[in-house]
Structures are given as structure tokens and as C-alpha cells.
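Undergrad: Next up, final.txt (compact mmCIF, C-alpha atoms).
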```txt
# COMPACT_ATOMS: atom_id res chain seq x y z
CA MET P 1052 78.40 21.00 10.27
CA ARG P 1053 75.03 21.96 11.72
CA PHE P 1054 71.82 22.40 9.75
CA LEU P 1055 69.25 24.44 11.65
CA LEU P 1056 65.99 26.10 10.69
CA ASP P 1057 66.31 29.85 10.43
CA PRO P 1058 64.14 32.20 12.52
CA GLU P 1059 61.74 32.82 9.63
CA GLN P 1060 61.13 29.10 9.14
CA ARG P 1061 60.60 28.54 12.86
CA ALA P 1062 58.17 31.48 13.00
CA PHE P 1063 56.26 30.02 10.03
CA ALA P 1064 55.87 26.67 11.78
CA HIS P 1065 54.84 28.35 15.03
CA SER P 1066 52.19 30.46 13.28
CA LEU P 1067 50.70 27.38 11.64
CA ASP P 1068 50.68 25.54 14.97
CA SER P 1069 48.88 28.44 16.66
CA MET P 1070 46.31 28.74 13.90
CA LEU P 1071 45.54 25.03 13.82
CA THR P 1072 45.36 24.78 17.61
CA ALA P 1073 42.70 27.49 17.63
CA ALA P 1074 40.79 25.78 14.80
CA ASP P 1075 39.72 22.74 16.89
CA THR P 1076 40.82 20.31 14.19
CA PRO P 1077 39.37 17.17 15.87
CA SER P 1078 35.86 18.47 15.25
CA VAL P 1079 36.82 19.35 11.66
CA VAL P 1080 38.13 15.81 11.15
CA ARG P 1081 34.91 14.26 12.46
CA ASP P 1082 32.82 16.48 10.17
CA TRP P 1083 34.97 15.53 7.20
CA SER P 1084 34.62 11.84 8.01
CA ARG P 1085 30.84 12.21 7.82
CA GLY P 1086 31.05 13.93 4.44
CA GLU P 1087 30.32 17.38 5.91
CA HIS P 1088 32.93 19.61 4.29
CA ALA P 1089 31.97 23.15 5.36
CA SER P 1090 34.35 23.39 8.33
CA GLY P 1091 37.09 21.61 6.38
CA ARG P 1092 36.78 24.03 3.46
CA ALA P 1093 37.00 26.98 5.84
CA LEU P 1094 40.15 25.55 7.40
CA TRP P 1095 41.55 24.83 3.94
CA SER P 1096 41.18 28.51 3.04
CA ARG P 1097 43.02 29.57 6.18
CA ILE P 1098 45.84 27.14 5.44
CA ALA P 1099 46.05 28.53 1.90
CA ASP P 1100 46.11 32.10 3.25
CA ALA P 1101 49.15 31.08 5.29
CA GLY P 1102 50.87 30.21 1.99
CA VAL P 1103 51.11 26.44 2.41
CA PHE P 1104 49.89 25.39 -1.04
CA ALA P 1105 51.75 28.24 -2.72
CA LEU P 1106 55.00 26.65 -1.51
CA ALA P 1107 54.60 23.96 -4.19
CA VAL P 1108 53.62 26.38 -6.96
CA PRO P 1109 56.26 28.34 -8.92
CA GLU P 1110 56.20 32.11 -8.78
CA ALA P 1111 55.26 32.25 -12.47
CA TYR P 1112 51.85 30.81 -11.50
CA ASP P 1113 51.17 33.01 -8.45
CA GLY P 1114 53.03 30.75 -6.04
CA LEU P 1115 56.01 31.03 -3.70
CA GLY P 1116 57.94 27.93 -4.64
CA PRO P 1117 59.06 25.40 -5.06
CA ARG P 1118 60.28 25.51 -1.46
CA PRO P 1119 60.48 21.89 -0.22
CA VAL P 1120 61.98 22.64 3.20
CA GLU P 1121 59.17 25.01 4.11
CA LEU P 1122 56.69 22.52 2.62
CA ALA P 1123 58.04 19.80 4.91
CA LEU P 1124 57.70 22.15 7.89
CA ALA P 1125 54.10 22.93 6.97
CA PHE P 1126 53.12 19.30 6.54
CA MET P 1127 54.62 18.39 9.89
CA GLU P 1128 52.18 20.83 11.48
CA LEU P 1129 49.29 19.59 9.33
CA GLY P 1130 50.05 16.06 10.51
CA ARG P 1131 50.49 17.15 14.10
CA HIS P 1132 46.94 18.52 14.02
CA ALA P 1133 45.49 15.69 11.85
CA VAL P 1134 44.12 18.14 9.26
CA PRO P 1135 41.89 16.25 6.78
CA GLY P 1136 41.62 16.61 3.03
CA PRO P 1137 43.72 15.92 -0.08
CA LEU P 1138 46.69 17.89 1.20
CA VAL P 1139 49.46 15.71 -0.22
CA GLU P 1140 47.53 15.26 -3.44
CA THR P 1141 47.13 19.01 -3.95
CA VAL P 1142 50.84 19.80 -3.66
CA THR P 1143 51.68 16.76 -5.81
CA ALA P 1144 49.24 17.90 -8.47
CA ALA P 1145 50.82 21.36 -8.34
CA SER P 1146 54.25 19.85 -8.91
CA LEU P 1147 52.99 17.74 -11.81
CA LEU P 1148 51.25 20.64 -13.51
CA ALA P 1149 54.24 22.95 -13.09
CA GLU P 1150 56.51 20.47 -14.89
CA LEU P 1151 54.30 19.94 -17.95
CA PRO P 1152 55.97 20.89 -21.25
CA ASP P 1153 52.82 22.75 -22.23
CA PRO P 1154 52.29 25.66 -19.78
CA GLY P 1155 48.61 25.98 -20.69
CA PRO P 1156 47.17 23.64 -18.01
CA ALA P 1157 49.46 25.15 -15.37
CA LYS P 1158 48.31 28.68 -16.18
CA ARG P 1159 44.70 27.51 -16.03
CA LEU P 1160 44.82 25.42 -12.83
CA LEU P 1161 47.76 26.39 -10.62
CA PRO P 1162 46.72 29.89 -9.44
CA ALA P 1163 43.49 28.50 -7.95
CA LEU P 1164 45.41 25.71 -6.18
CA ALA P 1165 47.93 28.15 -4.74
CA ALA P 1166 45.16 30.44 -3.46
CA GLY P 1167 43.18 27.61 -1.90
CA GLU P 1168 40.22 28.23 -4.20
CA ALA P 1169 40.53 24.67 -5.55
CA MET P 1170 41.47 21.25 -4.18
CA ALA P 1171 43.23 18.61 -6.23
CA THR P 1172 43.39 14.85 -5.97
CA LEU P 1173 45.49 12.34 -7.82
CA ALA P 1174 45.05 8.65 -8.64
CA TRP P 1175 48.38 6.81 -8.93
CA PRO P 1176 48.95 3.93 -9.32
CA ALA P 1177 45.75 2.54 -7.78
CA PRO P 1178 42.37 3.36 -9.33
CA TYR P 1179 41.28 5.26 -6.21
CA ALA P 1180 41.92 8.88 -5.31
CA LEU P 1181 41.58 10.62 -1.97
CA ASP P 1182 38.52 12.88 -1.56
CA GLY P 1183 37.58 12.81 -5.21
CA ASP P 1184 34.08 13.94 -4.27
CA VAL P 1185 35.27 17.27 -2.88
CA ALA P 1186 38.29 17.93 -5.11
CA THR P 1187 37.75 20.26 -8.04
CA THR P 1188 40.87 19.17 -9.95
CA ARG P 1189 41.05 15.39 -10.41
CA LEU P 1190 44.20 14.02 -12.03
CA ALA P 1191 44.86 10.44 -13.10
CA LEU P 1192 48.47 9.45 -13.73
CA THR P 1193 48.74 6.39 -15.96
CA PRO P 1194 51.45 4.79 -18.12
CA ASP P 1195 49.82 6.63 -21.03
CA GLY P 1196 50.24 10.03 -19.41
CA LEU P 1197 48.49 12.52 -17.17
CA TYR P 1198 44.74 13.02 -17.55
CA LEU P 1199 42.28 15.53 -16.12
CA SER P 1200 39.43 13.28 -15.05
CA PRO P 1201 35.87 14.48 -15.77
CA GLY P 1202 34.32 13.05 -12.59
CA HIS P 1203 34.39 10.52 -9.78
CA GLY P 1204 32.66 7.40 -8.55
CA PRO P 1205 31.04 6.59 -5.19
CA VAL P 1206 32.83 7.21 -1.90
CA ARG P 1207 34.46 4.13 -0.39
CA PRO P 1208 35.47 3.67 3.28
CA SER P 1209 39.10 3.66 4.32
CA LEU P 1210 41.10 2.55 7.32
CA ASP P 1211 41.22 6.22 8.29
CA PRO P 1212 37.62 7.52 8.21
CA ALA P 1213 38.92 10.98 7.27
CA ARG P 1214 40.64 9.55 4.16
CA ARG P 1215 37.63 9.07 1.90
CA LEU P 1216 38.41 7.22 -1.34
CA THR P 1217 36.70 7.50 -4.71
CA SER P 1218 37.39 6.11 -8.14
CA LEU P 1219 37.99 8.54 -10.99
CA GLU P 1220 36.15 8.36 -14.28
CA PRO P 1221 38.45 7.22 -17.10
CA GLY P 1222 39.39 9.41 -19.98
CA GLY P 1223 39.14 13.16 -19.89
CA GLU P 1224 41.60 15.78 -21.10
CA LEU P 1225 45.11 14.49 -21.80
CA LEU P 1226 47.47 16.99 -20.18
CA SER P 1227 50.70 15.16 -21.00
CA PRO P 1228 51.54 11.87 -22.77
CA ASP P 1229 54.78 11.47 -20.79
CA PRO P 1230 55.07 8.73 -18.12
CA PRO P 1231 56.04 9.72 -14.56
CA THR P 1232 59.69 10.42 -13.76
CA PRO P 1233 61.49 10.02 -10.40
CA HIS P 1234 61.15 13.75 -9.71
CA THR P 1235 57.50 13.87 -10.73
CA LEU P 1236 56.15 12.35 -7.52
CA ALA P 1237 58.91 13.43 -5.14
CA HIS P 1238 56.64 15.96 -3.44
CA ALA P 1239 54.08 13.25 -2.65
CA ARG P 1240 56.50 11.15 -0.61
CA LEU P 1241 58.17 14.15 1.00
CA ALA P 1242 54.83 15.60 2.13
CA THR P 1243 53.64 12.18 3.32
CA ALA P 1244 56.84 11.69 5.34
CA ALA P 1245 56.45 15.12 6.95
CA GLN P 1246 52.77 14.54 7.69
CA ALA P 1247 53.56 11.16 9.28
CA LEU P 1248 56.31 12.70 11.43
CA GLY P 1249 53.84 15.30 12.69
CA VAL P 1250 51.30 12.56 13.46
CA GLY P 1251 53.93 10.65 15.43
CA LEU P 1252 54.94 13.72 17.42
CA ALA P 1253 51.30 14.42 18.29
CA LEU P 1254 50.79 10.82 19.45
CA LEU P 1255 53.88 11.02 21.63
CA ASP P 1256 52.87 14.36 23.16
CA ARG P 1257 49.37 13.11 23.95
CA THR P 1258 50.69 9.90 25.45
CA VAL P 1259 53.21 11.70 27.65
CA GLY P 1260 50.40 13.90 28.96
CA TYR P 1261 48.20 10.88 29.60
CA VAL P 1262 50.77 8.82 31.54
CA LYS P 1263 51.38 11.79 33.83
CA GLN P 1264 47.70 11.78 34.81
CA ARG P 1265 46.79 8.09 34.91
CA THR P 1266 47.69 6.46 38.21
CA GLN P 1267 48.24 2.84 39.19
CA PHE P 1268 49.39 1.45 42.54
CA GLY P 1269 49.14 4.99 43.86
CA ALA P 1270 51.59 6.53 41.37
CA PRO P 1271 51.44 8.00 37.84
CA ILE P 1272 52.20 5.27 35.35
CA GLY P 1273 54.65 7.64 33.70
CA SER P 1274 56.96 7.08 36.66
CA PHE P 1275 57.33 3.37 35.84
CA GLN P 1276 60.57 2.40 34.15
CA ALA P 1277 58.93 0.20 31.52
CA VAL P 1278 56.68 3.09 30.44
CA LYS P 1279 59.63 5.47 30.27
CA HIS P 1280 61.52 3.05 28.03
CA ARG P 1281 58.60 2.74 25.58
CA LEU P 1282 58.26 6.50 25.35
CA ALA P 1283 62.02 6.97 24.96
CA ASP P 1284 62.09 4.48 22.10
CA ALA P 1285 59.26 6.33 20.35
CA LYS P 1286 61.01 9.65 20.87
CA ILE P 1287 64.31 8.38 19.47
CA GLY P 1288 62.61 7.00 16.37
CA LEU P 1289 60.86 10.29 15.64
CA GLU P 1290 63.94 12.40 16.25
CA PHE P 1291 66.02 10.15 14.01
CA ALA P 1292 63.48 10.68 11.21
CA ARG P 1293 63.58 14.48 11.47
CA PRO P 1294 67.05 15.08 9.95
CA LEU P 1295 66.38 12.52 7.22
CA LEU P 1296 63.23 14.45 6.30
CA PHE P 1297 64.93 17.83 6.04
CA GLY P 1298 67.97 16.31 4.35
CA ALA P 1299 65.68 14.86 1.70
CA ALA P 1300 63.96 18.23 1.34
CA LEU P 1301 67.35 19.79 0.56
CA THR P 1302 68.47 17.21 -2.00
CA MET P 1303 65.07 16.10 -3.41
CA ALA P 1304 66.82 12.90 -4.50
CA PRO P 1305 64.39 9.98 -4.85
CA ALA P 1306 66.49 7.61 -2.72
CA ASP P 1307 66.80 10.22 0.04
CA ILE P 1308 63.07 10.86 -0.03
CA ALA P 1309 62.35 7.12 0.11
CA ALA P 1310 64.62 6.84 3.16
CA ALA P 1311 62.85 9.75 4.86
CA LYS P 1312 59.44 8.33 4.00
CA VAL P 1313 60.03 4.85 5.38
CA THR P 1314 61.80 6.16 8.50
CA ALA P 1315 59.19 8.77 9.37
CA CYS P 1316 56.24 6.47 8.69
CA GLU P 1317 57.71 3.58 10.66
CA ALA P 1318 58.51 5.91 13.56
CA ALA P 1319 54.96 7.27 13.53
CA TYR P 1320 53.56 3.74 13.41
CA ALA P 1321 55.74 2.73 16.38
CA ALA P 1322 54.55 5.81 18.27
CA ALA P 1323 50.95 4.81 17.49
CA ARG P 1324 51.49 1.31 18.89
CA THR P 1325 53.07 2.75 22.03
CA ALA P 1326 50.25 5.27 22.44
CA LEU P 1327 47.63 2.57 22.07
CA GLN P 1328 49.28 0.26 24.60
CA LEU P 1329 49.84 2.94 27.21
CA HIS P 1330 46.34 4.39 26.88
CA GLY P 1331 44.76 0.98 27.35
CA ALA P 1332 41.17 0.28 26.38
CA ILE P 1333 40.25 3.94 25.96
CA GLY P 1334 42.67 4.17 23.05
CA TYR P 1335 40.51 1.78 21.01
CA THR P 1336 37.39 3.95 21.14
CA ALA P 1337 36.48 6.05 18.12
CA GLU P 1338 35.02 8.72 20.43
CA TYR P 1339 38.44 9.39 21.97
CA ASP P 1340 40.47 11.92 19.95
CA LEU P 1341 43.57 9.73 20.00
CA SER P 1342 41.94 7.52 17.35
CA LEU P 1343 42.15 10.36 14.82
CA TRP P 1344 45.94 10.11 14.88
CA LEU P 1345 46.14 6.33 15.33
CA THR P 1346 44.28 5.57 12.11
CA LYS P 1347 46.17 8.24 10.20
CA ALA P 1348 49.55 6.82 11.24
CA ARG P 1349 48.52 3.42 9.91
CA ALA P 1350 47.16 4.80 6.64
CA LEU P 1351 50.17 7.01 5.89
CA ARG P 1352 52.52 4.06 6.42
CA THR P 1353 51.59 2.59 3.05
CA ALA P 1354 50.53 5.75 1.19
CA TRP P 1355 52.73 6.64 -1.81
CA GLY P 1356 54.97 3.62 -1.36
CA SER P 1357 54.98 0.73 1.10
CA PRO P 1358 57.85 0.35 3.61
CA ASN P 1359 59.26 -2.59 1.64
CA ARG P 1360 59.21 -0.65 -1.61
CA CYS P 1361 60.88 2.38 -0.07
CA ARG P 1362 63.58 0.22 1.53
CA ALA P 1363 64.27 -1.48 -1.79
CA GLU P 1364 64.68 1.88 -3.51
CA VAL P 1365 67.05 3.09 -0.79
CA LEU P 1366 69.21 -0.04 -1.07
CA SER P 1367 69.27 -0.09 -4.85
CA GLY P 1368 69.52 3.64 -5.40
CA ASP P 1369 66.89 3.17 -8.10
CA ARG P 1370 65.88 6.45 -9.72
CA ARG P 1371 62.69 5.05 -11.26
CA TRP P 1372 59.21 5.13 -9.68
```
Starting from the file, lay out its structure as C-alpha cells.

TA:
Amino acid sequence: MRFLLDPEQRAFAHSLDSMLTAADTPSVVRDWSRGEHASGRALWSRIADAGVFALAVPEAYDGLGPRPVELALAFMELGRHAVPGPLVETVTAASLLAELPDPGPAKRLLPALAAGEAMATLAWPAPYALDGDVATTRLALTPDGLYLSPGHGPVRPSLDPARRLTSLEPGGELLSPDPPTPHTLAHARLATAAQALGVGLALLDRTVGYVKQRTQFGAPIGSFQAVKHRLADAKIGLEFARPLLFGAALTMAPADIAAAKVTACEAAYAAARTALQLHGAIGYTAEYDLSLWLTKARALRTAWGSPNRCRAEVLSGDRRW
């Protein structure tokens, strides 16, 4: 049996790729890292116009979803272009709000998230949330339930300069007293896995282009067997993660999503190590665009579940978060 993307899904991914290529995302990422959000907000609106955030919002709240396969496709492209901002957190917040027993908060908050008029962030389980200073909807998920936080604390640095962390003020409006369920945060890991896979593919593409140009002993280093083997290993890891990602998007089973998350993130991390080694000293410099993907691959590896935790959930088949 063969599972292939249909023409409409492929066209959707291609349109996102074209739009993000024209947007010069490296400059947007650098602005975002400095706390300058104007270009990032403009790009956010264009991504929303393409329907990305609406994929996580039910039709009853002006969305198009939930459509996890298309969401995975979109986040692969967002990762491939290193788009900054609380992307995963926004679709996760949309999923949380849509599942609340009381539809009031969903009616109030989801249409703006689907249209890109609002950004959401989410603190779980750590006290820090991504981009709490720019998000307009700040959710805190605790054992006591889901809260709408009234504000945020100071910005803290992160391994990835574009992933700016803030604490959320305690208290606020209680949206639901129920603790999280396995399905509650499924979208977070699925979107993170897809984003990491896109990051890994971008690192591989950039490294292949580089080894074709860099010469040593009078020949491109890409012609050396050892270099070919490193690139082949990275390619195999990424391609192995792809069917796990889309399989998890079809089933939305927590164990499947954990498997996709650990496989995609480990493959992206391996691609980052290969890219860094084959680029040499230039790969370490923050001024070189490769660093935008290198730091993101490392940060996504532990976001929404460490590799060890995901492996344990795959082996045990645990349905609890």
C-alpha cells in the first residue's frame, strides 16, 4: 500500500515554499532575535492568509480543521525556512481551546488565532513560554487546569536567539479545571516534529550546495567519499522520519506522535552536526545564515518532550502525558 500526498496538498506546500522564499526569512529571524517584531508580524499575517493557523481551528470557529496532515506539511515548510515566532504554541493553543467543555473561550479567542490577528503562547510544564512578550493570548497549563495569563515577565535568552522565553504571570482567568489528556498536546509534538524535519532538510540542502563549491586538493570536497557518506547518512535519517511524521498525522495516537517527534528531531540534530562539520569554521559564526538552522535544530530536539521521554512513551505505549 502506498500513501502519497495528493496534488492539492503538494500545491499547498509549494505555495508556502514560494512565499517564504520570497520573504527573506533570515532577515526576519535576525530582527525577531533583536526584539524587533514588525517584519515578523507581517510574515505572520501572510502565513495566516495562506490558511496555516486555520488548519488547527475547527470550522465552527472560522477555521479549516482540524487537518493534521496539512498542518504537518505547513510546519515542514516553516521549519525549512526557519520562520520565527510561537508557531507551535499557537496551533497547540487552538487545539486546547477547541476542546474545552465550555465553548465560550473558543468563540472569543479562536477566530482571531485562525485569522492571524492574534498570536498565542503556552507554558507547559516549565514556567517559561515562548515569545510571551509578543503573544496576545497567553495560556498556562497546570495540574489545576488551563489559565489565561494576565501578563508576562522579562525576556530571557535561549539557545536559539529567535526563541525568546518569558515567564507568565500566575493566576488569571480559569478556562478549564481539567488536567491535560494525551490528545490535548498532540498537536504540539506533531508540529514540532514537522518543524524539525523541515529544519533538517534545509540544513542538508545548504550543506550539499556548500560542498559542491568548496574545493580542497584541487577538487570539490563533495566528491570525497567520506563527505558523501556523511551526507547520505543525514539524508537517510530525514527520509526515514518523513513517513513516521505523516503516519502520526493520520492516526494522531500519542505513541505514534512520540515516535515521529524523536525520529524527526534526532535526524535534524544529526543533519546539523554534519552541516557544522562539513562547513568548518564558518559554520560556527552567528553572521553566517547556517547558524539560524543549527540553533533551531538543537532547541527543537528537547521542545515538548526530550528524546528519552519520547522513546519511553513509544516503548511503553503510555497514553498519558

Undergrad: Extract, using all atoms listed in the file, all DNA, RNA and protein residues at most 6 Å from region 1253-1270 of chain P, discarding same-chain residues fewer than 2 positions from it, and format them as an MDAnalysis selection string.

TA: chainID P and resid 1131 1250:1251 1272:1273 1326

Undergrad: How many Å separate CA of Ala1309 (chain P) from CA of Leu1225 (chain P)?

TA: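 Those two atoms sit 28.8 Å apart.
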
Undergrad: Around (55.9, 27.6, -6.2) in the file's own coordinates, what residues are found within 6 Å if you use all atoms listed in the file, given back as number ranges by chain?

TA: P: 1105-1110, 1114-1117

Undergrad: Find the residue from P:Leu1071, P:Ile1287, P:Ala1165, P:Val1139 that sits nearest to Gly1102 (chain P); use only C-alpha atoms when measuring.

TA: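 Looking only at the distances to Gly1102 (chain P), the closest residue turns out to be P:Ala1165.
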
Undergrad: What is the distance, in Å and to one decimal place, between CA of His1238 (chain P) and CA of Val1313 (chain P)?

TA: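 Here the two named atoms are 14.6 Å from each other.
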
Undergrad: Pick from P:Ser1078, P:Thr1353, P:Thr1243, P:Thr1188: nearest to Glu1224 (chain P), with only C-alpha atoms counted?

TA: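 The shortest atom-to-atom distance to Glu1224 (chain P) comes from P:Thr1188.
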
Undergrad: Please list as a CSV table (one decimal) with C-alpha atoms, in the coordinates of the input every residue within 8 Å of region 1288-1293 of chain P, counting all atoms listed in the file and excluding residues in the same chain fewer than 5 positions away.

TA:
```
chain,number,residue,atom,x,y,z
P,1248,LEU,CA,56.3,12.7,11.4
P,1251,GLY,CA,53.9,10.6,15.4
P,1252,LEU,CA,54.9,13.7,17.4
P,1311,ALA,CA,62.8,9.8,4.9
P,1314,THR,CA,61.8,6.2,8.5
P,1315,ALA,CA,59.2,8.8,9.4
P,1318,ALA,CA,58.5,5.9,13.6
P,1319,ALA,CA,55.0,7.3,13.5
```

Undergrad: Would you mind reading off the distance between CA of Asp1307 (chain P) and CA of Arg1118 (chain P), one decimal, in Å?

TA: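 Computing the Euclidean distance for CA of Asp1307 (chain P) and CA of Arg1118 (chain P) yields 16.7 Å.
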
Undergrad: Can you pull out the residues contacting Leu1147 (chain P)? Cut-off 12 Å, using only C-alpha atoms, and skip same-chain residues under 4 positions away; I want them as JSON, numbers by chain.

TA: {"P": [1107, 1108, 1109, 1117, 1140, 1141, 1142, 1143, 1151, 1152, 1153, 1154, 1156, 1157, 1160, 1161, 1171, 1172, 1173, 1190, 1191, 1192, 1196, 1197, 1198, 1199, 1226, 1227, 1229, 1230, 1231, 1232, 1233, 1234, 1235, 1236, 1237, 1238, 1239]}

Undergrad: Identify the residues within 9 Å of coordinate (37.1, 12.1, -8.7) (same frame as the file), considering only C-alpha atoms, and give the answer as a list in words.

TA: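 Those within range, by chain then number, are Thr1172, Leu1173, Ala1174, Tyr1179, Ala1180, Leu1181, Asp1182, Gly1183, Asp1184, Val1185, Ala1186, Thr1187, Thr1188, Arg1189, Leu1190, Ser1200, Pro1201, Gly1202, His1203, Gly1204, Pro1205, Leu1216, Thr1217, Ser1218, Leu1219 and Glu1220 of chain P.
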
Undergrad: Find, counting all atoms listed in the file, the residue in P:Ser1342, P:Arg1352, P:Pro1135, P:Gly1331 that gets nearest to Cys1316 (chain P).

TA: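 So, comparing all the options, the nearest one is P:Arg1352.
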
Undergrad: Which of these residues is nearest to Glu1128 (chain P), using all atoms listed in the file: P:Tyr1339, P:Tyr1320, P:Phe1063, P:Phe1054?

TA: P:Phe1063

Undergrad: Let me make sure I understand: among P:Val1080, P:Ala1064, P:Ile1098, P:Ala1332, which one has the smallest atom-to-atom distance to Gly1249 (chain P) if we use all atoms listed in the file?

TA: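 For Gly1249 (chain P), the nearest of the candidates is P:Ala1064.
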
Undergrad: P:Leu1122, P:Leu1138, P:Asp1113, P:His1065: which is nearest Arg1092 (chain P), counting all atoms listed in the file?

TA: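 So, comparing all the options, the nearest one is P:Leu1138.
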
Undergrad: With 6 Å added on each side, what axis-aligned box encloses every listed atom of region 1251-1264 of chain P? Give the centre and edge lengths in Å to one decimal, as lines of an AutoDock Vina configuration file.

TA:
```
center_x = 51.3
center_y = 11.6
center_z = 25.1
size_x = 19.2
size_y = 17.6
size_z = 31.4
```

Undergrad: Enumerate, in order of chain and increasing residue number, the residues of region 1228-1275 of chain P with an atom no farther than 9 Å from region 1294-1299 of chain P, each with its shortest atom pair and distance in Å to one decimal, counting only C-alpha atoms, as a Markdown table.

TA:
```
| residue | atom | partner | partner_atom | distance |
| --- | --- | --- | --- | --- |
| P:Leu1241 | CA | P:Leu1296 | CA | 7.3 |
| P:Ala1244 | CA | P:Leu1296 | CA | 7.0 |
| P:Ala1245 | CA | P:Leu1296 | CA | 6.8 |
| P:Leu1248 | CA | P:Leu1296 | CA | 8.8 |
```

Undergrad: Keeping only C-alpha atoms, write those residues as a PDB file, in the coordinates of the input.

TA:
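Contents of again35.pdb, freshly written:
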```pdb
ATOM      1  CA  LEU P1241      58.170  14.150   1.000  1.00  0.00           C
ATOM      2  CA  ALA P1244      56.840  11.690   5.340  1.00  0.00           C
ATOM      3  CA  ALA P1245      56.450  15.120   6.950  1.00  0.00           C
ATOM      4  CA  LEU P1248      56.310  12.700  11.430  1.00  0.00           C
TER       5      LEU P1248
END
```
